[in-house]
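What follows is a single structure, written as structure tokens, with notes after it.
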Amino acid sequence: MTSNIPEGDGGSDAGDPAHGPAWDVEVTIDMGRPTYANLASRLYGPETEAWWVALGDLLGGRPGWHCEFTQLTDHNGLLWSFGAFGSSLFNISAPRDPGDFASGALEIYDFEGDTTYRFAGTDELLAWLEDNEHRHADHVSNLRPLASAFGWKVLKTMGVDLRVTHDGSSFIATFPDLPFESAAASDLSTLLAHARQAVARAHGAPDWVTTEIGLRVHLDPAASRAAS
């Protein structure tokens, strides 16, 4: 394991089966676990937490989706985005109508179509995602000119987040910022090798780049125990 792969312990409650995917969503501000729900409650009020948790349960761990706290001219707060290299091909932020927090309604912005779609709840949103995420299946490979810049230095040094758990027999890794499925292996070193290979293939990188791709590895308690 090389020095460019820091390991995180994921927190004592990470991966707790009593909680949904929203429990493990990470944002850039540490509010104590569950970070995402705590930050949402602090920013928008405790009465909004159920709305954010429902969204986090849908998008947490879903390939290609990530949540961040943003301070932009046109947006200040939590933002869910779909896309690699920090892009936001689809995004979901706090409702414009505060009443939507209670009703469960939400909106998604489609950057490509410059269109906002409204849904009654996460079930309708999920159906829309299943029909539309595939439109960007080639998004990562289309970023090859950026990833390959300066002898693939961008890809090698950008640092790809990897969330790792263990199901009792295998290590399983997911890529929060990349729209493709998980990697799995019986041991951690093999898993990391498979993860690098997946990232390289997605960006169309040559084989020699694979071993130099930096990963930011986050081990949940199950993975930490299995690795020790």
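Going through the structure tokens in order, the chains are called A, B, and so on, while each chain numbers its residues from 1 and the ligands are numbered from 1 in the order shown.
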
Tell me, counting only C-alpha atoms, for each residue of segment 177-224 of chain A within 6 Å of segment 158-173 of chain A, which pair of atoms is nearest and how far apart they are in Å to one decimal, in rows ordered by chain and increasing number, as a tab-separated table.
residue	atom	partner	partner_atom	distance
A:Ser182	CA	A:Ala173	CA	5.3
A:Ala183	CA	A:Ala173	CA	5.2
A:Ala184	CA	A:Ile172	CA	4.4
A:Ala185	CA	A:Phe171	CA	5.5
A:Ser186	CA	A:Ser170	CA	4.4
A:Gly214	CA	A:Gly159	CA	4.8
A:Leu215	CA	A:Val160	CA	4.8
A:Arg216	CA	A:Asp161	CA	4.7
A:Val217	CA	A:Leu162	CA	4.8
A:His218	CA	A:Arg163	CA	4.9
A:Leu219	CA	A:Val164	CA	4.9
A:Asp220	CA	A:Thr165	CA	5.6
A:Ala222	CA	A:His166	CA	5.4
A:Ala223	CA	A:Thr165	CA	4.6

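Closest approach to Leu129 of chain A among A:Leu59, A:Leu155, A:Ala94, A:Ala149 is made by A:Leu59 (distances from only C-alpha atoms).
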
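In this structure, atom CA of Leu79 of chain A sits 15.8 Å away from atom CA of Leu125 of chain A.
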
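Atom CA of Gly104 of chain A is found 5.2 Å from atom CA of Gly121 of chain A.
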
> Smallest atom-to-atom distance to Ser148 of chain A: which of A:Leu78, A:Asn91, A:Gly20, A:Ala200, using only C-alpha atoms?
Replying inline: A:Ala200

> Do you know which residues are at most 9 Å from Ser93 of chain A counting only C-alpha atoms, after dropping those on the same chain fewer than 5 positions away, and could you put them as a ChimeraX atom specification?
Replying inline: /A:75,77-81,106-109

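Those residues of segment 122-176 of chain A that DSSP, working from the backbone, places in strand (DSSP E or B) are A:Val160, A:Asp161, A:Leu162, A:Arg163, A:Val164, A:Thr165, A:His166, A:Phe171, A:Ile172, A:Ala173, A:Thr174.
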
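The space between atom CA of Glu212 of chain A and atom CA of Glu133 of chain A spans 29.4 Å.
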
> Given the choices A:Ser103, A:Thr48, A:Asn38, A:Thr174, which gets closest to His66 of chain A if the distance is worked out from only C-alpha atoms?
Replying inline: A:Thr174

Those in segment 77-195 of chain A with helix (DSSP H, G or I) from DSSP, as a compact mmCIF listing (two decimals) with C-alpha atoms, in the first residue's frame:
# COMPACT_ATOMS: atom_id res chain seq x y z
CA GLY A 99 -43.43 23.78 1.98
CA ASP A 100 -41.67 21.13 -0.08
CA PHE A 101 -39.73 20.04 3.01
CA ALA A 102 -42.99 18.85 4.54
CA SER A 103 -44.56 17.44 1.37
CA THR A 122 -37.94 10.29 -4.14
CA ASP A 123 -39.81 7.43 -5.85
CA GLU A 124 -40.58 9.66 -8.83
CA LEU A 125 -37.03 11.01 -8.80
CA LEU A 126 -35.60 7.48 -8.82
CA ALA A 127 -37.69 6.57 -11.87
CA TRP A 128 -36.39 9.68 -13.66
CA LEU A 129 -32.78 8.90 -12.74
CA GLU A 130 -33.10 5.35 -14.05
CA ASP A 131 -34.25 6.81 -17.37
CA ASN A 132 -31.71 9.64 -17.61
CA GLU A 133 -28.40 8.86 -15.90
CA HIS A 134 -27.40 6.67 -18.85
CA ARG A 135 -27.29 9.78 -21.03
CA HIS A 136 -23.95 10.56 -19.40
CA HIS A 139 -18.98 11.51 -19.48
CA VAL A 140 -15.84 10.19 -17.79
CA SER A 141 -14.23 9.05 -21.05
CA ASN A 142 -15.09 12.41 -22.62
CA ARG A 144 -9.87 12.19 -21.29
CA PRO A 145 -8.21 15.40 -22.64
CA LEU A 146 -8.28 16.85 -19.12
CA ALA A 147 -7.28 13.64 -17.35
CA ALA A 149 -2.91 16.51 -19.46
CA PHE A 150 0.82 16.75 -18.62
CA GLY A 151 1.49 13.06 -19.12
CA TRP A 152 -1.65 11.97 -17.22
CA LYS A 153 -0.57 14.01 -14.20
CA VAL A 154 -4.12 15.27 -13.62
CA LEU A 155 -5.52 11.76 -13.34
CA LYS A 156 -2.60 10.53 -11.25
CA THR A 157 -2.77 13.34 -8.72
CA LEU A 188 -7.60 -5.13 0.40
CA SER A 189 -4.48 -4.82 -1.75
CA THR A 190 -6.19 -6.61 -4.63
CA LEU A 191 -9.24 -4.39 -4.21
CA LEU A 192 -7.12 -1.24 -4.51
CA ALA A 193 -5.45 -2.63 -7.64
CA HIS A 194 -8.87 -3.37 -9.16
CA ALA A 195 -10.07 0.11 -8.20

> Looking at A:Phe69, A:Phe119, A:Trp208, A:Phe111, which one is nearest to Phe82 of chain A, with distances taken over only C-alpha atoms?
Replying inline: A:Phe111
